[in-house]
>>> print(open('upload_38.cif').read())   # mmCIF, C-alpha atoms
data_target
#
loop_
_atom_site.label_atom_id
_atom_site.label_comp_id
_atom_site.auth_asym_id
_atom_site.auth_seq_id
_atom_site.Cartn_x
_atom_site.Cartn_y
_atom_site.Cartn_z
CA MET A 1 102.10 106.12 144.92
CA LYS A 2 104.21 107.10 141.95
CA LEU A 3 104.31 103.65 140.38
CA LYS A 4 100.53 103.37 140.36
CA THR A 5 100.34 106.68 138.54
CA TYR A 6 102.90 105.40 136.06
CA ILE A 7 100.89 102.23 135.39
CA LEU A 8 97.67 104.17 135.00
CA ALA A 9 99.32 106.56 132.56
CA LEU A 10 100.74 103.65 130.57
CA ALA A 11 97.38 101.89 130.45
CA ALA A 12 95.59 105.07 129.40
CA LEU A 13 98.10 105.64 126.62
CA LEU A 14 97.78 102.06 125.39
CA ILE A 15 94.00 102.41 125.16
CA ASN A 16 94.21 105.82 123.47
CA LEU A 17 96.77 104.83 120.90
CA SER A 18 95.25 101.54 119.90
CA CYS A 19 93.17 103.63 117.49
CA GLU A 20 95.74 104.30 114.79
CA LYS A 21 95.42 106.73 111.95
CA ASP A 22 93.69 105.09 109.04
CA ASP A 23 96.30 104.22 106.45
CA VAL A 24 94.45 105.33 103.34
CA CYS A 25 96.21 107.27 100.63
CA VAL A 26 94.59 110.68 100.35
CA GLU A 27 97.59 112.92 99.79
CA ASN A 28 98.62 112.36 96.22
CA ASP A 29 98.47 110.46 92.97
CA SER A 30 100.84 109.84 90.07
CA VAL A 31 100.93 112.59 87.51
CA TYR A 32 100.10 112.38 83.81
CA VAL A 33 101.31 114.86 81.22
CA ASN A 34 98.23 116.67 79.95
CA LEU A 35 98.30 117.59 76.26
CA VAL A 36 95.53 120.01 75.31
CA PHE A 37 94.54 120.84 71.73
CA TYR A 38 94.15 124.48 70.69
CA SER A 39 93.38 126.27 67.48
CA ALA A 40 96.47 127.43 65.61
CA GLU A 41 94.66 130.57 64.48
CA ASP A 42 94.72 132.40 67.80
CA GLY A 43 96.42 129.89 70.09
CA SER A 44 93.86 130.31 72.88
CA THR A 45 90.66 128.73 71.56
CA ALA A 46 90.28 125.08 72.43
CA LYS A 47 90.02 122.94 69.30
CA SER A 48 89.22 119.25 69.64
CA VAL A 49 90.58 116.57 67.36
CA SER A 50 88.70 113.57 66.07
CA GLY A 51 89.82 110.54 64.11
CA PHE A 52 93.40 110.08 65.19
CA SER A 53 95.74 107.56 66.81
CA LEU A 54 98.71 107.64 69.14
CA ILE A 55 101.48 105.44 67.75
CA ASP A 56 104.89 104.67 69.17
CA LEU A 57 108.09 104.54 67.11
CA ASN A 58 107.71 100.79 66.53
CA GLY A 59 104.41 101.48 64.79
CA ASP A 60 102.34 99.98 67.58
CA ILE A 61 99.09 101.76 68.28
CA ILE A 62 98.98 103.03 71.86
CA GLN A 63 95.51 104.47 71.67
CA ASN A 64 92.86 104.89 68.96
CA TYR A 65 90.47 107.83 68.93
CA ASP A 66 88.40 106.95 65.88
CA ASN A 67 84.87 107.99 66.71
CA THR A 68 85.53 110.28 69.63
CA THR A 69 86.33 113.91 69.84
CA VAL A 70 89.34 114.56 72.02
CA ALA A 71 90.12 117.85 73.73
CA ALA A 72 93.06 116.58 75.77
CA ILE A 73 95.32 113.54 76.22
CA ALA A 74 96.78 112.35 79.49
CA LEU A 75 100.15 110.79 78.75
CA VAL A 76 102.55 108.61 80.75
CA LEU A 77 106.18 109.17 79.83
CA PRO A 78 108.32 106.11 80.65
CA THR A 79 110.19 106.65 83.93
CA SER A 80 113.08 104.48 82.78
CA GLU A 81 113.86 106.97 79.97
CA THR A 82 114.55 110.69 79.66
CA SER A 83 113.14 111.12 76.18
CA TYR A 84 110.12 109.76 74.39
CA ASP A 85 108.80 109.93 70.85
CA LEU A 86 105.11 109.81 70.06
CA ILE A 87 103.48 109.82 66.65
CA LEU A 88 100.12 111.55 66.37
CA GLN A 89 98.43 110.19 63.29
CA LYS A 90 95.47 112.19 62.08
CA ARG A 91 93.00 110.77 59.58
CA THR A 92 91.17 113.03 57.16
CA GLU A 93 88.70 111.92 54.57
CA VAL A 94 89.00 113.51 51.13
CA ASN A 95 86.53 112.31 48.51
CA GLY A 96 85.97 109.02 50.35
CA ILE A 97 89.69 108.30 50.66
CA THR A 98 91.28 108.29 54.12
CA ILE A 99 94.55 110.17 54.28
CA ASN A 100 96.91 109.69 57.24
CA THR A 101 98.99 112.63 58.35
CA ASN A 102 101.73 111.92 60.89
CA ASP A 103 103.49 114.25 63.26
CA THR A 104 106.18 113.09 65.66
CA LEU A 105 106.23 114.69 69.09
CA THR A 106 109.52 114.39 70.96
CA PHE A 107 109.56 114.82 74.73
CA GLY A 108 112.65 115.47 76.81
CA TYR A 109 112.17 115.18 80.60
CA THR A 110 113.51 114.03 83.94
CA PRO A 111 111.26 111.47 85.66
CA LYS A 112 110.84 111.58 89.42
CA ALA A 113 109.60 108.94 91.82
CA THR A 114 108.74 110.48 95.16
CA TYR A 115 107.99 108.54 98.32
CA VAL A 116 104.89 110.10 99.85
CA SER A 117 103.71 107.99 102.76
CA ARG A 118 103.15 104.42 103.93
CA ALA A 119 99.69 104.27 102.34
CA CYS A 120 100.57 105.98 99.04
CA GLY A 121 104.06 104.66 98.50
CA TYR A 122 105.61 106.26 95.45
CA ILE A 123 104.11 108.73 92.99
CA ARG A 124 105.37 109.64 89.53
CA SER A 125 106.09 113.18 88.39
CA TYR A 126 108.32 114.91 85.86
CA ILE A 127 110.58 117.94 85.74
CA ASP A 128 112.40 119.78 82.96
CA LEU A 129 109.86 118.93 80.29
CA SER A 130 110.63 120.11 76.77
CA THR A 131 108.98 119.21 73.48
CA SER A 132 109.50 119.52 69.77
CA SER A 133 107.33 118.42 66.87
CA THR A 134 107.21 117.96 63.15
CA ASN A 135 104.71 120.30 61.52
CA ASN A 136 102.41 118.44 59.15
CA TRP A 137 99.07 118.97 60.83
CA ILE A 138 100.42 120.33 64.11
CA SER A 139 101.66 123.89 63.80
CA GLU A 140 103.20 124.43 67.22
CA VAL A 141 103.76 122.75 70.58
CA ILE A 142 104.07 124.91 73.67
CA VAL A 143 105.16 123.73 77.11
CA ASN A 144 103.15 125.74 79.62
CA ASN A 145 105.01 124.46 82.65
CA PRO A 146 108.16 122.30 82.55
CA GLU A 147 107.33 121.03 86.04
CA ILE A 148 104.66 118.34 85.91
CA ASN A 149 103.40 117.87 89.44
CA SER A 150 99.64 118.18 89.26
CA ASN A 151 96.97 116.47 87.20
CA ASN A 152 94.85 119.62 87.19
CA ASP A 153 97.20 121.66 85.01
CA GLU A 154 97.45 121.94 81.24
CA HIS A 155 101.09 121.10 80.73
CA VAL A 156 101.42 121.15 76.95
CA ALA A 157 99.37 123.03 74.35
CA ILE A 158 99.20 121.55 70.85
CA LEU A 159 98.24 124.10 68.24
CA HIS A 160 96.76 122.82 65.02
CA MET B 1 127.73 96.24 114.85
CA MET B 2 128.94 96.02 118.45
CA SER B 3 131.24 99.01 117.95
CA MET B 4 128.26 101.07 116.87
CA TRP B 5 126.40 100.08 120.00
CA LEU B 6 129.42 100.94 122.11
CA SER B 7 129.61 104.41 120.58
CA TYR B 8 125.93 104.92 121.38
CA ILE B 9 126.51 103.70 124.90
CA SER B 10 129.44 106.05 125.45
CA LYS B 11 127.28 108.94 124.24
CA ASN B 12 124.72 108.02 126.82
CA ALA B 13 127.19 106.95 129.48
CA VAL B 14 126.08 109.73 131.80
CA VAL B 15 122.53 108.37 131.80
CA TRP B 16 123.70 104.87 132.61
CA MET B 17 126.00 106.11 135.38
CA ILE B 18 123.07 107.85 137.05
CA ILE B 19 120.95 104.71 136.82
CA LEU B 20 123.72 102.50 138.19
CA THR B 21 124.77 104.73 141.06
CA SER B 22 121.22 105.53 142.12
CA GLY B 23 120.60 101.81 142.35
CA SER B 24 123.74 100.80 144.17
CA ILE B 25 123.64 103.33 147.00
CA TYR B 26 120.86 101.42 148.67
CA ALA B 27 121.63 98.58 151.04
CA GLN B 28 120.98 95.23 149.43
CA LYS B 29 119.14 92.39 151.11
CA GLU B 30 119.33 89.97 148.27
CA TYR B 31 120.33 90.45 144.74
CA GLY B 32 120.32 88.15 141.81
CA ILE B 33 120.99 87.76 138.17
CA ARG B 34 118.45 86.62 135.63
CA ALA B 35 119.03 85.42 132.09
CA GLY B 36 116.36 84.33 129.66
CA ILE B 37 115.32 83.70 126.12
CA ASP B 38 112.23 84.99 124.31
CA LEU B 39 110.18 82.00 123.18
CA SER B 40 107.52 84.03 121.37
CA LYS B 41 110.03 85.21 118.77
CA LEU B 42 111.21 81.65 118.20
CA VAL B 43 107.64 80.44 117.76
CA ARG B 44 106.79 83.32 115.44
CA SER B 45 109.93 82.56 113.40
CA GLU B 46 108.68 79.01 112.94
CA LEU B 47 105.10 79.92 112.09
CA GLN B 48 105.57 83.03 109.97
CA LYS B 49 107.81 82.63 106.95
CA ASP B 50 108.27 86.40 106.58
CA TYR B 51 109.71 86.79 110.07
CA THR B 52 112.87 85.72 111.87
CA GLY B 53 113.55 86.89 115.39
CA PHE B 54 115.66 86.13 118.42
CA GLU B 55 115.96 87.81 121.79
CA ILE B 56 117.81 87.19 125.02
CA PHE B 57 117.17 89.19 128.14
CA GLY B 58 118.43 89.56 131.65
CA ASP B 59 118.24 91.61 134.78
CA LEU B 60 120.23 92.37 137.85
CA THR B 61 118.51 93.11 141.15
CA LEU B 62 120.17 96.12 142.67
CA LYS B 63 117.81 97.14 145.42
CA ASP B 64 115.04 95.09 146.95
CA LYS B 65 112.60 95.85 144.15
CA THR B 66 114.69 97.61 141.56
CA LYS B 67 116.40 95.83 138.71
CA ILE B 68 118.61 96.86 135.87
CA ALA B 69 117.15 95.17 132.82
CA VAL B 70 118.57 94.47 129.40
CA GLU B 71 117.29 92.88 126.19
CA ILE B 72 119.36 92.12 123.13
CA GLY B 73 117.64 90.97 119.98
CA SER B 74 117.77 90.51 116.28
CA GLU B 75 114.84 90.63 113.87
CA THR B 76 114.24 90.29 110.12
CA PHE B 77 110.86 91.12 108.64
CA ASN B 78 109.69 90.88 105.04
CA THR B 79 106.56 92.82 104.33
CA ASN B 80 104.70 94.92 101.80
CA GLU B 81 101.98 97.48 101.34
CA ALA B 82 99.13 96.71 98.98
CA ILE B 83 95.71 98.08 98.15
CA ASP B 84 93.35 95.12 97.96
CA THR B 85 95.55 92.65 96.08
CA ASN B 86 97.47 95.29 94.17
CA LEU B 87 101.04 95.54 95.42
CA LEU B 88 102.42 99.01 96.04
CA TYR B 89 105.86 98.11 97.35
CA SER B 90 107.66 95.42 99.29
CA TYR B 91 110.65 95.70 101.62
CA GLN B 92 112.74 93.81 104.12
CA VAL B 93 114.02 95.20 107.41
CA SER B 94 116.85 93.39 109.14
CA GLY B 95 118.71 94.49 112.24
CA GLU B 96 119.54 94.34 115.92
CA TYR B 97 118.55 96.19 119.03
CA LEU B 98 119.79 96.76 122.54
CA LYS B 99 117.37 97.73 125.29
CA LEU B 100 118.69 98.96 128.61
CA GLY B 101 116.79 100.30 131.58
CA VAL B 102 115.15 99.69 134.91
CA ASP B 103 112.30 97.53 136.18
CA TRP B 104 110.44 98.08 139.44
CA GLU B 105 108.36 95.47 141.17
CA ILE B 106 104.89 96.89 141.66
CA TYR B 107 103.14 93.87 143.10
CA GLN B 108 103.41 93.36 146.83
CA ARG B 109 104.47 89.73 147.11
CA LYS B 110 103.25 87.58 149.96
CA PRO B 111 106.07 86.02 152.04
CA GLY B 112 107.59 83.19 150.08
CA GLU B 113 105.78 84.06 146.88
CA ARG B 114 107.96 84.50 143.81
CA ASN B 115 105.54 85.77 141.17
CA GLN B 116 106.36 89.23 139.95
CA ILE B 117 104.66 92.16 138.26
CA THR B 118 107.01 94.89 137.13
CA ALA B 119 106.82 98.29 135.50
CA GLY B 120 109.83 99.59 133.72
CA ALA B 121 111.46 101.92 131.28
CA ARG B 122 114.08 101.34 128.60
CA TYR B 123 116.28 103.31 126.31
CA VAL B 124 116.68 101.41 123.06
CA ILE B 125 119.03 101.71 120.16
CA SER B 126 118.31 99.78 117.01
CA SER B 127 120.54 99.43 113.99
CA PHE B 128 119.21 97.96 110.77
CA ASP B 129 119.25 97.73 106.98
CA ILE B 130 116.34 98.01 104.57
CA ASN B 131 116.24 96.17 101.26
CA GLN B 132 113.47 97.36 98.98
CA GLY B 133 111.82 94.90 96.66
CA THR B 134 109.34 95.48 93.86
CA THR B 135 108.04 99.03 93.81
CA ASN B 136 104.99 100.21 91.87
CA PHE B 137 103.64 103.71 91.40
CA TYR B 138 100.50 104.71 93.20
CA ASP B 139 98.39 105.57 90.12
CA THR B 140 94.64 105.26 90.56
CA ALA B 141 93.82 105.95 86.88
CA TRP B 142 96.17 103.18 85.78
CA VAL B 143 94.86 100.62 88.27
CA GLN B 144 91.29 101.33 87.14
CA ARG B 145 92.30 100.68 83.55
CA TYR B 146 94.77 97.80 83.83
CA GLY B 147 93.90 96.25 87.19
CA GLU B 148 97.32 96.77 88.75
CA PHE B 149 99.68 99.58 89.57
CA PRO B 150 102.35 100.48 87.00
CA ASN B 151 105.79 99.18 87.88
CA PHE B 152 108.52 101.58 88.92
CA ARG B 153 111.35 99.20 89.64
CA LEU B 154 111.71 95.49 90.26
CA GLU B 155 114.27 95.52 93.03
CA GLY B 156 116.21 97.78 95.34
CA PRO B 157 117.69 99.98 96.45
CA SER B 158 119.25 98.86 99.74
CA HIS B 159 119.65 101.27 102.62
CA ASN B 160 122.43 100.26 104.99
CA GLY B 161 123.47 101.67 108.36
CA LEU B 162 120.07 102.98 109.39
CA SER B 163 119.30 103.46 113.06
CA ALA B 164 116.63 104.50 115.49
CA SER B 165 116.48 105.25 119.18
CA TYR B 166 113.40 105.09 121.30
CA LEU B 167 112.12 105.06 124.85
CA GLU B 168 110.00 102.19 126.00
CA GLY B 169 107.47 101.73 128.76
CA VAL B 170 107.29 98.12 129.94
CA LEU B 171 104.67 96.22 131.85
CA GLY B 172 106.00 92.80 132.81
CA PHE B 173 104.85 89.72 134.64
CA LYS B 174 106.63 86.54 135.70
CA THR B 175 105.50 83.37 137.35
CA HIS B 176 107.91 80.81 138.77
CA LEU B 177 107.98 77.24 137.55
CA THR B 178 110.68 76.16 139.98
CA LYS B 179 112.64 78.23 142.48
CA GLN B 180 114.98 79.37 139.75
CA LEU B 181 112.99 78.95 136.53
CA TYR B 182 110.50 81.64 135.54
CA LEU B 183 108.01 81.99 132.72
CA GLY B 184 106.87 85.47 131.85
CA GLY B 185 106.40 88.23 129.37
CA SER B 186 105.89 91.92 128.87
CA PHE B 187 103.87 94.47 126.93
CA ARG B 188 105.84 97.38 125.60
CA MET B 189 105.07 100.77 124.22
CA GLY B 190 107.86 102.53 122.40
CA PHE B 191 108.23 106.24 121.78
CA LEU B 192 110.52 107.11 118.92
CA VAL B 193 113.02 109.83 119.80
CA GLY B 194 115.48 109.70 116.94
CA GLN B 195 116.06 107.97 113.65
CA LYS B 196 118.29 107.91 110.63
CA GLU B 197 115.91 107.64 107.70
CA PRO B 198 116.55 106.13 104.28
CA GLU B 199 116.61 108.37 101.23
CA ASN B 200 113.23 108.57 99.46
CA PHE B 201 111.71 105.98 101.81
CA ASP B 202 110.74 105.72 105.48
CA ASN B 203 111.51 103.56 108.48
CA LEU B 204 108.16 101.77 108.45
CA TRP B 205 109.20 98.93 110.71
CA ILE B 206 112.02 99.01 113.26
CA PRO B 207 113.56 95.97 115.01
CA GLY B 208 112.37 95.80 118.63
CA PHE B 209 109.90 98.62 118.02
CA ASN B 210 107.60 97.02 115.47
CA ARG B 211 105.40 98.92 113.02
CA VAL B 212 105.87 102.67 112.74
CA THR B 213 102.65 104.55 112.01
CA ASP B 214 102.67 107.65 109.80
CA GLY B 215 102.45 110.79 111.86
CA ALA B 216 102.81 108.95 115.15
CA ARG B 217 105.86 108.07 117.21
CA PHE B 218 104.40 105.13 119.09
CA GLY B 219 105.08 101.45 118.57
CA PHE B 220 103.79 98.39 120.36
CA SER B 221 105.57 95.12 121.01
CA TYR B 222 105.70 92.23 123.42
CA ASN B 223 107.90 89.35 124.52
CA TYR B 224 107.28 86.08 126.31
CA GLY B 225 109.94 83.72 127.48
CA LEU B 226 111.73 81.50 129.92
CA SER B 227 114.33 82.82 132.35
CA TYR B 228 116.71 81.46 134.92
CA TYR B 229 117.21 83.41 138.14
CA LEU B 230 120.33 83.04 140.24
CA PRO B 231 119.88 84.60 143.70
CA ILE B 232 122.93 85.91 145.50
CA LYS B 233 122.58 86.74 149.20
CA LYS B 234 124.58 89.65 150.44
CA ASN B 235 125.05 90.49 154.13
CA ARG B 236 125.62 94.00 155.31
#
>>> encode(input="upload_38.cif", output="structure tokens")
Amino acid sequence: MKLKTYILALAALLINLSCEKDDVCVENDSVYVNLVFYSAEDGSTAKSVSGFSLIDLNGDIIQNYDNTTVAAIALVLPTSETSYDLILQKRTEVNGITINTNDTLTFGYTPKATYVSRACGYIRSYIDLSTSSTNNWISEVIVNNPEINSNNDEHVAILH
Amino acid sequence: MMSMWLSYISKNAVVWMIILTSGSIYAQKEYGIRAGIDLSKLVRSELQKDYTGFEIFGDLTLKDKTKIAVEIGSETFNTNEAIDTNLLYSYQVSGEYLKLGVDWEIYQRKPGERNQITAGARYVISSFDINQGTTNFYDTAWVQRYGEFPNFRLEGPSHNGLSASYLEGVLGFKTHLTKQLYLGGSFRMGFLVGQKEPENFDNLWIPGFNRVTDGARFGFSYNYGLSYYLPIKKNR
């Protein structure tokens, strides 16, 4: 009888589909802008920096790197803005006196919030990244890729 | 809202005509009209502060064991997605649905018995709005450092005029309290066939359909309520 077949099919489907796909976010994550330090001499040799701070325009310290050697910085640019200024303050010791050298990095960008899935929700990424910098201890800033959509890439090279 | 439903119905008028004519060509022994109200949605509205729902249903016996069935309902659901206690995003879905289809009695009743078991199918249209609440970025590095996800926006946007259509398989049962008063419910499995999706978001919950799972088109729901049956004898 057709109806019995229909019921059996419905019951079988109900049993099968009660096991739903696990809702765990595996697809994606929000993206940080990776700044990587290079030597200004040839532009391709990695050159770490030690003894410096990241400071915002209000003078508030975002992050201190006093006793660590840093090869790269992962940066969040505010998604409510399209430009962002960051002061990189480098400390050098000359004859026992600490001298601060400031350079201001200016970022221009378009933030993106992309809906990925139920489990991940929204992730952050950026497009149209551009930078400029003052040149006190930093000699050049190069944007490798204006599209910031992966945490594995080196997005910006800072030559010093 | 009703005009939208009517436009849907006119689009699918051919389908309804086939259902109606195929039912009415058979000689009728007895037919009747049933009207009822879903009590489970009223109880859930009372118990769960994030949910408000209402549904009325009815059917019309065309042939001995074939009925045209209809459900009309309205649901509002506030919910969110979180990882542990860290909120990712919250949203509210609010809308109406119209379910129309056929039920067949599959249980051979003994003479005089009025209990029923039915299997059925529905075509459903649902029309709804989504209001998004607080939205945070999924950012695992940030949550490890600060203990919560970074905020993206505090409220909004709203997505109005969304819709979905789906087919539903129904397994129903009814037991009679008096000759005319029945208590019964149904289990339903929906299969999503079409939807108008919000921009940069998804239809994660649809009125009448319930939760929508990523990568799957199936939804599960139920109803349970009280109905009044008015039999009308017809001699041929």
>>> resolve_selection(input="upload_38.cif", expression="the PyMOL selection byres ((chain A) within 7 of (chain B))", output="list in words")
Leu3, Asp29, Ser30, Thr114, Tyr115, Arg118, Cys120, Gly121, Tyr122, Ile123 and Arg124 of chain A
>>> resolve_selection(input="upload_38.cif", expression="the PyMOL selection byres ((chain A and resi 135) around 10)", output="list in words")
Asn102, Asp103, Thr104, Leu105, Ser132, Ser133, Thr134, Asn136, Trp137, Ile138, Ser139, Glu140, Val141 and His160 of chain A
>>> atom_distance(input="upload_38.cif", atom1="CA of Asn144 in chain A", atom2="CA of Ala157 in chain A")
7.0 Å
>>> atom_distance(input="upload_38.cif", atom1="CA of Leu35 in chain A", atom2="CA of Ala113 in chain A")
21.1 Å
>>> atom_distance(input="upload_38.cif", atom1="CA of Ser125 in chain A", atom2="CA of Thr68 in chain A")
28.0 Å
>>> axis_aligned_box(input="upload_38.cif", around="range 30-40 of chain A", padding_each_side="8 Å", output="JSON")
{"center_x": 97.3, "center_y": 118.6, "center_z": 77.8, "size_x": 23.9, "size_y": 33.6, "size_z": 40.5}
>>> resolve_selection(input="upload_38.cif", expression="the PyMOL selection byres ((chain A and resi 148) around 12)", output="ChimeraX atom specification")
/A:30-35,74-77,109-112,123-130,143-147,149-156
>>> residues_around(input="upload_38.cif", residues="Lys99 in chain B", least_positions_apart="5", cutoff="7 Å", atoms="all atoms listed in the file", output="list of chain:residue names")
B:Val70, B:Glu71, B:Ile72, B:Arg122, B:Tyr123, B:Val124, B:Ile125
>>> closest_residue(input="upload_38.cif", among="B:Leu192, B:Ala164, B:Ile37, B:Leu177", to="Glu96 in chain B", atoms="all atoms listed in the file")
B:Ala164
>>> closest_residue(input="upload_38.cif", among="B:Lys110, B:Gln116, B:Gly190, B:Gln180", to="Tyr228 in chain B", atoms="all atoms listed in the file")
B:Gln180
>>> residues_around(input="upload_38.cif", residues="Gly172 in chain B", least_positions_apart="4", cutoff="6 Å", atoms="all atoms listed in the file", output="MDAnalysis selection string")
chainID B and resid 117:118 185:186
>>> closest_residue(input="upload_38.cif", among="A:Leu159, A:Val24, A:Leu88, A:Ile73", to="Thr45 in chain A", atoms="only C-alpha atoms")
A:Leu159
>>> residues_around(input="upload_38.cif", residues="Gln132 in chain B", least_positions_apart="5", cutoff="7 Å", atoms="only C-alpha atoms", output="PDB file with C-alpha atoms, in the coordinates of the input")
ATOM      1  CA  SER B  90     107.660  95.420  99.290  1.00  0.00           C
ATOM      2  CA  TYR B  91     110.650  95.700 101.620  1.00  0.00           C
ATOM      3  CA  GLN B  92     112.740  93.810 104.120  1.00  0.00           C
ATOM      4  CA  GLU B 155     114.270  95.520  93.030  1.00  0.00           C
ATOM      5  CA  GLY B 156     116.210  97.780  95.340  1.00  0.00           C
ATOM      6  CA  PRO B 157     117.690  99.980  96.450  1.00  0.00           C
ATOM      7  CA  SER B 158     119.250  98.860  99.740  1.00  0.00           C
TER       8      SER B 158
END
>>> closest_residue(input="upload_38.cif", among="B:Asn210, B:Thr52, B:Thr76, B:Gln144", to="Tyr222 in chain B", atoms="only C-alpha atoms")
B:Asn210
>>> residues_around(input="upload_38.cif", residues="Glu93 in chain A", least_positions_apart="6", cutoff="10 Å", atoms="all atoms listed in the file", output="PDB file with C-alpha atoms, in the frame of the given file")
ATOM      1  CA  GLY A  51      89.820 110.540  64.110  1.00  0.00           C
ATOM      2  CA  ILE A  99      94.550 110.170  54.280  1.00  0.00           C
ATOM      3  CA  ASN A 100      96.910 109.690  57.240  1.00  0.00           C
TER       4      ASN A 100
END
>>> residues_around(input="upload_38.cif", residues="Phe128 in chain B", least_positions_apart="6", cutoff="12 Å", atoms="only C-alpha atoms", output="MDAnalysis selection string")
chainID B and resid 1 4:5 73:77 92:98 158:165 195:198 203:209
